[in-house]
>>> print(open('start_33.cif').read())   # mmCIF, C-alpha atoms
data_work
loop_
_atom_site.label_atom_id
_atom_site.label_comp_id
_atom_site.auth_asym_id
_atom_site.auth_seq_id
_atom_site.Cartn_x
_atom_site.Cartn_y
_atom_site.Cartn_z
CA MET T 1 0.00 0.00 0.00
CA ILE T 2 1.39 3.43 -0.95
CA ASP T 3 1.94 5.88 1.90
CA ARG T 4 -0.92 8.44 2.06
CA ASP T 5 1.33 11.51 1.65
CA LEU T 6 3.24 9.90 -1.21
CA LYS T 7 -0.03 8.95 -2.90
CA ARG T 8 -1.26 12.54 -2.71
CA SER T 9 2.01 13.79 -4.18
CA LEU T 10 1.97 11.24 -7.00
CA GLY T 11 -1.64 12.22 -7.63
CA GLN T 12 -0.51 15.71 -8.63
CA MET T 13 1.17 14.35 -11.77
CA MET T 14 -0.90 15.43 -14.78
CA LYS T 15 -0.93 13.05 -17.75
CA GLY T 16 -2.56 12.81 -21.14
CA VAL T 17 -5.60 10.54 -21.46
CA GLN T 18 -5.80 7.71 -23.97
CA VAL T 19 -8.11 4.83 -24.73
CA VAL T 20 -6.28 1.54 -25.26
CA GLY T 21 -8.16 -1.06 -27.28
CA ALA T 22 -7.72 -4.57 -28.63
CA ALA T 23 -9.66 -7.24 -30.50
CA HIS T 24 -9.39 -11.02 -30.76
CA ASP T 25 -11.75 -13.72 -32.06
CA GLY T 26 -14.54 -11.20 -32.62
CA VAL T 27 -14.33 -9.72 -29.12
CA VAL T 28 -13.51 -5.99 -28.89
CA ARG T 29 -12.59 -4.24 -25.65
CA ALA T 30 -11.04 -0.90 -24.63
CA TYR T 31 -10.15 0.94 -21.44
CA CYS T 32 -9.15 4.47 -20.43
CA SER T 33 -5.52 5.02 -19.48
CA HIS T 34 -3.10 7.79 -18.63
CA TRP T 35 -0.21 5.36 -18.41
CA VAL T 36 0.85 5.22 -22.07
CA CYS T 37 3.99 7.01 -23.24
CA GLN T 38 6.52 7.25 -26.04
CA VAL T 39 9.81 5.67 -24.95
CA SER T 40 12.14 6.25 -27.92
CA PHE T 41 13.15 9.12 -30.19
CA GLU T 42 14.87 6.88 -32.74
CA GLU T 43 12.06 4.35 -33.17
CA PRO T 44 8.28 4.74 -32.91
CA VAL T 45 8.04 2.75 -29.67
CA VAL T 46 5.43 3.19 -26.94
CA MET T 47 4.90 1.60 -23.54
CA ALA T 48 1.51 0.87 -22.00
CA SER T 49 1.10 -0.12 -18.36
CA VAL T 50 -1.83 -2.53 -18.18
CA SER T 51 -3.52 -4.36 -15.33
CA PRO T 52 -4.14 -8.08 -15.96
CA ARG T 53 -7.57 -7.48 -14.41
CA HIS T 54 -8.70 -5.36 -17.39
CA ASP T 55 -10.90 -7.27 -19.82
CA THR T 56 -8.76 -5.76 -22.60
CA TYR T 57 -5.60 -7.43 -21.26
CA PRO T 58 -6.17 -11.01 -22.53
CA LEU T 59 -7.02 -9.65 -25.99
CA MET T 60 -3.79 -7.65 -26.08
CA ARG T 61 -1.83 -10.77 -25.14
CA ALA T 62 -3.64 -13.06 -27.57
CA ASP T 63 -3.57 -10.75 -30.60
CA GLY T 64 -0.18 -9.12 -30.00
CA ARG T 65 -1.56 -5.76 -31.12
CA PHE T 66 -3.41 -2.87 -29.56
CA THR T 67 -4.48 0.67 -30.39
CA VAL T 68 -4.06 3.93 -28.52
CA SER T 69 -6.56 6.76 -29.11
CA VAL T 70 -5.40 10.14 -27.80
CA LEU T 71 -8.46 11.92 -26.40
CA ALA T 72 -9.28 15.57 -27.01
CA GLY T 73 -10.32 17.91 -24.21
CA ASP T 74 -13.99 17.65 -25.21
CA GLN T 75 -13.99 13.84 -24.89
CA VAL T 76 -14.52 13.52 -21.13
CA ALA T 77 -17.62 11.37 -21.76
CA GLU T 78 -15.54 8.86 -23.73
CA GLY T 79 -12.79 8.92 -21.09
CA GLN T 80 -15.30 8.39 -18.29
CA TYR T 81 -17.08 5.59 -20.15
CA PHE T 82 -13.87 3.65 -20.75
CA SER T 83 -12.64 4.28 -17.18
CA TYR T 84 -14.81 1.40 -16.01
CA PRO T 85 -14.94 -2.16 -17.31
CA GLY T 86 -17.41 -2.10 -20.21
CA ARG T 87 -19.46 -4.80 -18.54
CA LYS T 88 -20.50 -2.29 -15.86
CA PHE T 89 -22.24 -0.26 -18.55
CA GLN T 90 -23.39 -3.37 -20.46
CA TYR T 91 -21.36 -2.11 -23.46
CA LEU T 92 -24.23 0.30 -24.18
CA ALA T 93 -22.25 3.07 -25.91
CA PRO T 94 -21.06 1.60 -29.23
CA GLU T 95 -20.82 5.14 -30.64
CA TYR T 96 -17.64 5.64 -28.61
CA VAL T 97 -15.67 3.11 -30.63
CA GLU T 98 -15.20 2.14 -34.27
CA LEU T 99 -12.90 -0.36 -35.95
CA ASN T 100 -9.99 0.71 -38.12
CA ASP T 101 -9.07 -1.05 -41.38
CA ASP T 102 -7.35 -3.85 -39.41
CA GLY T 103 -10.37 -4.46 -37.19
CA LEU T 104 -8.93 -2.79 -34.09
CA PRO T 105 -10.90 -0.30 -31.98
CA VAL T 106 -10.32 3.46 -32.10
CA VAL T 107 -12.30 6.33 -30.59
CA PRO T 108 -14.06 8.46 -33.24
CA GLY T 109 -13.11 12.13 -33.14
CA CYS T 110 -9.91 11.56 -31.15
CA ILE T 111 -6.84 13.73 -31.71
CA ALA T 112 -4.94 10.82 -33.25
CA TRP T 113 -4.68 7.06 -32.90
CA PHE T 114 -1.81 4.58 -33.10
CA GLN T 115 -1.83 0.91 -33.94
CA CYS T 116 0.87 -0.92 -32.01
CA GLU T 117 2.52 -4.33 -32.29
CA THR T 118 3.83 -5.71 -29.00
CA PHE T 119 7.42 -6.97 -28.97
CA GLU T 120 7.91 -7.40 -25.21
CA VAL T 121 5.80 -7.65 -22.06
CA LYS T 122 7.36 -7.19 -18.63
CA GLU T 123 5.70 -8.11 -15.36
CA ALA T 124 6.32 -4.83 -13.62
CA TRP T 125 5.86 -5.59 -9.96
CA GLU T 126 3.96 -7.73 -7.49
CA SER T 127 1.61 -6.57 -4.81
CA GLY T 128 -0.03 -8.66 -2.13
CA GLU T 129 -2.65 -9.64 -4.72
CA GLY T 130 -0.21 -10.79 -7.40
CA ILE T 131 1.16 -8.96 -10.41
CA ASP T 132 -0.20 -5.41 -10.33
CA HIS T 133 0.58 -4.20 -13.87
CA HIS T 134 2.39 -5.44 -16.95
CA LEU T 135 4.37 -3.15 -19.25
CA PHE T 136 3.64 -3.67 -22.95
CA PHE T 137 6.42 -2.39 -25.22
CA ALA T 138 5.23 -1.99 -28.79
CA ARG T 139 6.18 -0.54 -32.16
CA VAL T 140 3.73 1.84 -33.78
CA THR T 141 2.82 0.24 -37.12
CA ALA T 142 -0.02 2.53 -38.26
CA THR T 143 -1.54 5.85 -37.30
CA GLY T 144 -4.57 7.93 -38.02
CA GLU T 145 -4.72 11.68 -37.69
CA GLY T 146 -7.86 13.13 -36.22
CA ARG T 147 -8.30 16.56 -34.71
CA LEU T 148 -4.60 17.34 -34.27
CA LYS T 149 -5.16 21.00 -33.41
CA GLU T 150 -7.49 20.25 -30.48
CA PRO T 151 -6.09 20.52 -26.95
CA PRO T 152 -5.68 17.11 -25.31
CA LEU T 153 -7.59 15.77 -22.34
CA LEU T 154 -5.49 15.49 -19.16
CA TYR T 155 -6.01 13.70 -15.86
CA SER T 156 -4.57 13.52 -12.37
CA SER T 157 -6.09 11.71 -9.43
CA ARG T 158 -5.87 14.91 -7.34
CA GLN T 159 -6.98 17.44 -9.99
CA GLY T 160 -9.39 15.27 -11.98
CA TRP T 161 -10.16 15.84 -15.67
CA ARG T 162 -8.56 18.90 -17.28
CA VAL T 163 -8.04 20.34 -20.75
CA ALA T 164 -4.56 21.43 -21.83
CA GLY T 165 -4.70 25.16 -22.21
CA GLU T 166 -2.56 28.24 -22.48
CA LYS T 167 1.10 28.16 -23.37
CA ALA T 168 3.41 28.23 -20.36
CA ARG T 169 6.04 30.38 -22.11
CA GLU T 170 5.57 33.92 -23.36
CA PRO T 171 5.79 34.29 -27.17
CA GLY T 172 9.28 35.31 -28.27
CA THR T 173 10.90 34.10 -25.05
CA SER T 174 13.53 31.36 -25.29
CA VAL T 175 14.88 29.87 -22.08
CA ARG T 176 17.50 28.02 -24.13
CA ASP T 177 18.77 31.26 -25.72
CA ALA T 178 18.99 32.93 -22.30
CA LEU T 179 21.02 30.01 -20.95
CA LEU T 180 23.35 30.11 -23.98
CA GLU T 181 23.91 33.82 -23.36
CA ARG T 182 24.81 33.06 -19.74
CA LEU T 183 27.29 30.40 -20.92
CA ALA T 184 28.90 32.84 -23.36
CA ALA T 185 29.08 35.60 -20.72
CA ALA T 186 30.80 33.15 -18.35
CA GLY T 187 33.30 32.17 -21.05
CA LEU T 188 32.08 28.57 -21.13
CA ASP T 189 31.49 26.35 -24.15
CA GLY T 190 27.92 25.87 -25.28
CA PRO T 191 26.21 22.54 -25.84
CA ASP T 192 27.64 20.39 -28.62
CA ASP T 193 24.13 19.37 -29.72
CA GLY T 194 25.19 15.75 -29.37
CA PRO T 195 23.16 13.04 -27.66
CA ALA T 196 21.17 14.16 -24.65
CA ASP T 197 22.21 12.86 -21.24
#
>>> encode(input="start_33.cif", output="structure tokens")
Amino acid sequence: MIDRDLKRSLGQMMKGVQVVGAAHDGVVRAYCSHWVCQVSFEEPVVMASVSPRHDTYPLMRADGRFTVSVLAGDQVAEGQYFSYPGRKFQYLAPEYVELNDDGLPVVPGCIAWFQCETFEVKEAWESGEGIDHHLFFARVTATGEGRLKEPPLLYSSRQGWRVAGEKAREPGTSVRDALLERLAAAGLDGPDDGPAD
């Protein structure tokens, strides 16, 4: 069990919201996640943290593929619907999912979606109730652009659902340029633009 203060602090982390979906033998399932991320600059590789208790999980394992739909800020209803196992809602909202050309589920009207092919699954950690989550590492093999200019939907357990909004930096302001000027004023070499640490 996570310490209460630590849990509240972790709950401040704001993350993008996605719907992860899979299909196998005519069964289609999807769930809401904010634990999907890109893990490589050189290759189109993503990682999804998935609970074996999700009804989507066995389909992801059996098919070896899954999709990720990036939700827009106006898609709270879709995010909320997929936040619970579909069986709780008797799968009564088919309008929130459609199949792409390969028969995998995507959310209509999303910002963009990715089709992913799993190449490795790691059992992340065990809790008192067994394996808590598995990490699915996958290559993006197809994508669909949706409403790319829409602000994304965000979530944190402490702040709830949010929409990405205003820019954090003033137009015309470059923190990098200011730091380079400080380096030059101090007589130090600037970055070599090589690999990042």
>>> residues_near_point(input="start_33.cif", point="(-6.2, 27.4, -21.6)", cutoff="12 Å", atoms="all atoms listed in the file", output="list in words")
Gly73, Glu150, Pro151, Pro152, Leu153, Arg162, Val163, Ala164, Gly165, Glu166, Lys167 and Ala168 of chain T
>>> write_last_selection(input="start_33.cif", atoms="C-alpha atoms", output="PDB file, in the frame of the given file")
ATOM      1  CA  GLY T  73     -10.320  17.910 -24.210  1.00  0.00           C
ATOM      2  CA  GLU T 150      -7.490  20.250 -30.480  1.00  0.00           C
ATOM      3  CA  PRO T 151      -6.090  20.520 -26.950  1.00  0.00           C
ATOM      4  CA  PRO T 152      -5.680  17.110 -25.310  1.00  0.00           C
ATOM      5  CA  LEU T 153      -7.590  15.770 -22.340  1.00  0.00           C
ATOM      6  CA  ARG T 162      -8.560  18.900 -17.280  1.00  0.00           C
ATOM      7  CA  VAL T 163      -8.040  20.340 -20.750  1.00  0.00           C
ATOM      8  CA  ALA T 164      -4.560  21.430 -21.830  1.00  0.00           C
ATOM      9  CA  GLY T 165      -4.700  25.160 -22.210  1.00  0.00           C
ATOM     10  CA  GLU T 166      -2.560  28.240 -22.480  1.00  0.00           C
ATOM     11  CA  LYS T 167       1.100  28.160 -23.370  1.00  0.00           C
ATOM     12  CA  ALA T 168       3.410  28.230 -20.360  1.00  0.00           C
TER      13      ALA T 168
END
>>> closest_residue(input="start_33.cif", among="T:Leu99, T:Asp74, T:Ser174, T:Phe137", to="T:Val36", atoms="all atoms listed in the file")
T:Phe137
>>> resolve_selection(input="start_33.cif", expression="the PyMOL selection byres ((chain T and resi 98) around 12)", output="ChimeraX atom specification")
/T:21-23,28-30,67,69,93-97,99-110,113
>>> write_last_selection(input="start_33.cif", atoms="C-alpha atoms", output="mmCIF file, keeping the file's coordinate frame")
data_model
loop_
_atom_site.group_PDB
_atom_site.id
_atom_site.type_symbol
_atom_site.label_atom_id
_atom_site.label_comp_id
_atom_site.auth_asym_id
_atom_site.auth_seq_id
_atom_site.Cartn_x
_atom_site.Cartn_y
_atom_site.Cartn_z
ATOM 1 C CA GLY T 21 -8.160 -1.060 -27.280
ATOM 2 C CA ALA T 22 -7.720 -4.570 -28.630
ATOM 3 C CA ALA T 23 -9.660 -7.240 -30.500
ATOM 4 C CA VAL T 28 -13.510 -5.990 -28.890
ATOM 5 C CA ARG T 29 -12.590 -4.240 -25.650
ATOM 6 C CA ALA T 30 -11.040 -0.900 -24.630
ATOM 7 C CA THR T 67 -4.480 0.670 -30.390
ATOM 8 C CA SER T 69 -6.560 6.760 -29.110
ATOM 9 C CA ALA T 93 -22.250 3.070 -25.910
ATOM 10 C CA PRO T 94 -21.060 1.600 -29.230
ATOM 11 C CA GLU T 95 -20.820 5.140 -30.640
ATOM 12 C CA TYR T 96 -17.640 5.640 -28.610
ATOM 13 C CA VAL T 97 -15.670 3.110 -30.630
ATOM 14 C CA LEU T 99 -12.900 -0.360 -35.950
ATOM 15 C CA ASN T 100 -9.990 0.710 -38.120
ATOM 16 C CA ASP T 101 -9.070 -1.050 -41.380
ATOM 17 C CA ASP T 102 -7.350 -3.850 -39.410
ATOM 18 C CA GLY T 103 -10.370 -4.460 -37.190
ATOM 19 C CA LEU T 104 -8.930 -2.790 -34.090
ATOM 20 C CA PRO T 105 -10.900 -0.300 -31.980
ATOM 21 C CA VAL T 106 -10.320 3.460 -32.100
ATOM 22 C CA VAL T 107 -12.300 6.330 -30.590
ATOM 23 C CA PRO T 108 -14.060 8.460 -33.240
ATOM 24 C CA GLY T 109 -13.110 12.130 -33.140
ATOM 25 C CA CYS T 110 -9.910 11.560 -31.150
ATOM 26 C CA TRP T 113 -4.680 7.060 -32.900
#
>>> residues_around(input="start_33.cif", residues="T:Arg53", least_positions_apart="5", cutoff="9 Å", atoms="only C-alpha atoms", output="list in words")
Pro58, Asp132 and His133 of chain T
>>> closest_residue(input="start_33.cif", among="T:Phe136, T:Phe66, T:Tyr81, T:Phe119", to="T:Ala48", atoms="all atoms listed in the file")
T:Phe136
>>> resolve_selection(input="start_33.cif", expression="the PyMOL selection byres ((chain T and resi 43) around 12)", output="list in words")
Gln38, Val39, Ser40, Phe41, Glu42, Pro44, Val45, Val46, Phe137, Ala138, Arg139, Val140 and Thr141 of chain T
>>> atom_distance(input="start_33.cif", atom1="atom CA of T:Thr143", atom2="atom CA of T:Ala112")
7.3 Å
>>> closest_residue(input="start_33.cif", among="T:Val27, T:Phe114, T:Val68, T:Met13", to="T:Tyr155", atoms="only C-alpha atoms")
T:Met13
>>> atom_distance(input="start_33.cif", atom1="atom CA of T:Val20", atom2="atom CA of T:Gln75")
14.5 Å
>>> atom_distance(input="start_33.cif", atom1="atom CA of T:Leu135", atom2="atom CA of T:Leu148")
26.9 Å
>>> resolve_selection(input="start_33.cif", expression="the PyMOL selection byres ((chain T and resi 16) around 8)", output="list in words")
Met14, Lys15, Val17, Gln18, His34, Val70, Leu71, Pro152, Leu153, Leu154 and Tyr155 of chain T
>>> build_atoms(input="start_33.cif", residues="stretch 51-78 of chain T", atoms="N, CA and C atoms", output="PDB file, in the coordinates of the input")
ATOM      1  N   SER T  51      -3.178  -3.414 -16.384  1.00  0.00           N
ATOM      2  CA  SER T  51      -3.520  -4.360 -15.330  1.00  0.00           C
ATOM      3  C   SER T  51      -4.057  -5.648 -15.941  1.00  0.00           C
ATOM      4  N   PRO T  52      -3.583  -6.809 -15.477  1.00  0.00           N
ATOM      5  CA  PRO T  52      -4.140  -8.080 -15.960  1.00  0.00           C
ATOM      6  C   PRO T  52      -5.621  -8.236 -15.641  1.00  0.00           C
ATOM      7  N   ARG T  53      -6.151  -7.398 -14.748  1.00  0.00           N
ATOM      8  CA  ARG T  53      -7.570  -7.480 -14.410  1.00  0.00           C
ATOM      9  C   ARG T  53      -8.472  -6.811 -15.457  1.00  0.00           C
ATOM     10  N   HIS T  54      -7.898  -5.977 -16.337  1.00  0.00           N
ATOM     11  CA  HIS T  54      -8.700  -5.360 -17.390  1.00  0.00           C
ATOM     12  C   HIS T  54      -9.178  -6.417 -18.376  1.00  0.00           C
ATOM     13  N   ASP T  55     -10.416  -6.292 -18.841  1.00  0.00           N
ATOM     14  CA  ASP T  55     -10.900  -7.270 -19.820  1.00  0.00           C
ATOM     15  C   ASP T  55     -10.249  -7.079 -21.187  1.00  0.00           C
ATOM     16  N   THR T  56      -9.517  -5.977 -21.369  1.00  0.00           N
ATOM     17  CA  THR T  56      -8.760  -5.760 -22.600  1.00  0.00           C
ATOM     18  C   THR T  56      -7.448  -6.555 -22.594  1.00  0.00           C
ATOM     19  N   TYR T  57      -6.917  -6.806 -21.409  1.00  0.00           N
ATOM     20  CA  TYR T  57      -5.600  -7.430 -21.260  1.00  0.00           C
ATOM     21  C   TYR T  57      -5.463  -8.761 -22.011  1.00  0.00           C
ATOM     22  N   PRO T  58      -6.370  -9.729 -21.829  1.00  0.00           N
ATOM     23  CA  PRO T  58      -6.170 -11.010 -22.530  1.00  0.00           C
ATOM     24  C   PRO T  58      -6.223 -10.865 -24.046  1.00  0.00           C
ATOM     25  N   LEU T  59      -6.974  -9.872 -24.539  1.00  0.00           N
ATOM     26  CA  LEU T  59      -7.020  -9.650 -25.990  1.00  0.00           C
ATOM     27  C   LEU T  59      -5.699  -9.092 -26.488  1.00  0.00           C
ATOM     28  N   MET T  60      -5.099  -8.197 -25.717  1.00  0.00           N
ATOM     29  CA  MET T  60      -3.790  -7.650 -26.080  1.00  0.00           C
ATOM     30  C   MET T  60      -2.740  -8.748 -26.125  1.00  0.00           C
ATOM     31  N   ARG T  61      -2.800  -9.669 -25.159  1.00  0.00           N
ATOM     32  CA  ARG T  61      -1.830 -10.770 -25.140  1.00  0.00           C
ATOM     33  C   ARG T  61      -2.065 -11.721 -26.297  1.00  0.00           C
ATOM     34  N   ALA T  62      -3.327 -12.068 -26.548  1.00  0.00           N
ATOM     35  CA  ALA T  62      -3.640 -13.060 -27.570  1.00  0.00           C
ATOM     36  C   ALA T  62      -3.366 -12.549 -28.982  1.00  0.00           C
ATOM     37  N   ASP T  63      -3.706 -11.290 -29.251  1.00  0.00           N
ATOM     38  CA  ASP T  63      -3.570 -10.750 -30.600  1.00  0.00           C
ATOM     39  C   ASP T  63      -2.184 -10.183 -30.871  1.00  0.00           C
ATOM     40  N   GLY T  64      -1.503  -9.712 -29.821  1.00  0.00           N
ATOM     41  CA  GLY T  64      -0.180  -9.120 -30.000  1.00  0.00           C
ATOM     42  C   GLY T  64      -0.215  -7.701 -30.523  1.00  0.00           C
ATOM     43  N   ARG T  65      -1.415  -7.133 -30.635  1.00  0.00           N
ATOM     44  CA  ARG T  65      -1.560  -5.760 -31.120  1.00  0.00           C
ATOM     45  C   ARG T  65      -2.555  -5.014 -30.228  1.00  0.00           C
ATOM     46  N   PHE T  66      -2.433  -3.708 -30.238  1.00  0.00           N
ATOM     47  CA  PHE T  66      -3.410  -2.870 -29.560  1.00  0.00           C
ATOM     48  C   PHE T  66      -3.395  -1.488 -30.198  1.00  0.00           C
ATOM     49  N   THR T  67      -4.416  -0.699 -29.890  1.00  0.00           N
ATOM     50  CA  THR T  67      -4.480   0.670 -30.390  1.00  0.00           C
ATOM     51  C   THR T  67      -4.487   1.634 -29.216  1.00  0.00           C
ATOM     52  N   VAL T  68      -4.050   2.843 -29.499  1.00  0.00           N
ATOM     53  CA  VAL T  68      -4.060   3.930 -28.520  1.00  0.00           C
ATOM     54  C   VAL T  68      -4.742   5.117 -29.185  1.00  0.00           C
ATOM     55  N   SER T  69      -5.867   5.560 -28.636  1.00  0.00           N
ATOM     56  CA  SER T  69      -6.560   6.760 -29.110  1.00  0.00           C
ATOM     57  C   SER T  69      -6.287   7.889 -28.143  1.00  0.00           C
ATOM     58  N   VAL T  70      -5.703   8.980 -28.631  1.00  0.00           N
ATOM     59  CA  VAL T  70      -5.400  10.140 -27.800  1.00  0.00           C
ATOM     60  C   VAL T  70      -6.647  11.020 -27.742  1.00  0.00           C
ATOM     61  N   LEU T  71      -7.205  11.201 -26.542  1.00  0.00           N
ATOM     62  CA  LEU T  71      -8.460  11.920 -26.400  1.00  0.00           C
ATOM     63  C   LEU T  71      -8.271  13.421 -26.396  1.00  0.00           C
ATOM     64  N   ALA T  72      -9.244  14.111 -27.009  1.00  0.00           N
ATOM     65  CA  ALA T  72      -9.280  15.570 -27.010  1.00  0.00           C
ATOM     66  C   ALA T  72      -9.974  16.054 -25.737  1.00  0.00           C
ATOM     67  N   GLY T  73      -9.781  17.328 -25.424  1.00  0.00           N
ATOM     68  CA  GLY T  73     -10.320  17.910 -24.210  1.00  0.00           C
ATOM     69  C   GLY T  73     -11.835  17.842 -24.105  1.00  0.00           C
ATOM     70  N   ASP T  74     -12.523  17.721 -25.239  1.00  0.00           N
ATOM     71  CA  ASP T  74     -13.990  17.650 -25.210  1.00  0.00           C
ATOM     72  C   ASP T  74     -14.496  16.204 -25.185  1.00  0.00           C
ATOM     73  N   GLN T  75     -13.606  15.247 -24.884  1.00  0.00           N
ATOM     74  CA  GLN T  75     -13.990  13.840 -24.890  1.00  0.00           C
ATOM     75  C   GLN T  75     -13.989  13.233 -23.479  1.00  0.00           C
ATOM     76  N   VAL T  76     -14.426  14.025 -22.506  1.00  0.00           N
ATOM     77  CA  VAL T  76     -14.520  13.520 -21.130  1.00  0.00           C
ATOM     78  C   VAL T  76     -15.510  12.361 -21.059  1.00  0.00           C
ATOM     79  N   ALA T  77     -16.615  12.445 -21.804  1.00  0.00           N
ATOM     80  CA  ALA T  77     -17.620  11.370 -21.760  1.00  0.00           C
ATOM     81  C   ALA T  77     -16.996  10.047 -22.197  1.00  0.00           C
ATOM     82  N   GLU T  78     -16.204  10.076 -23.268  1.00  0.00           N
ATOM     83  CA  GLU T  78     -15.540   8.860 -23.730  1.00  0.00           C
ATOM     84  C   GLU T  78     -14.540   8.371 -22.685  1.00  0.00           C
TER      85      GLU T  78
END
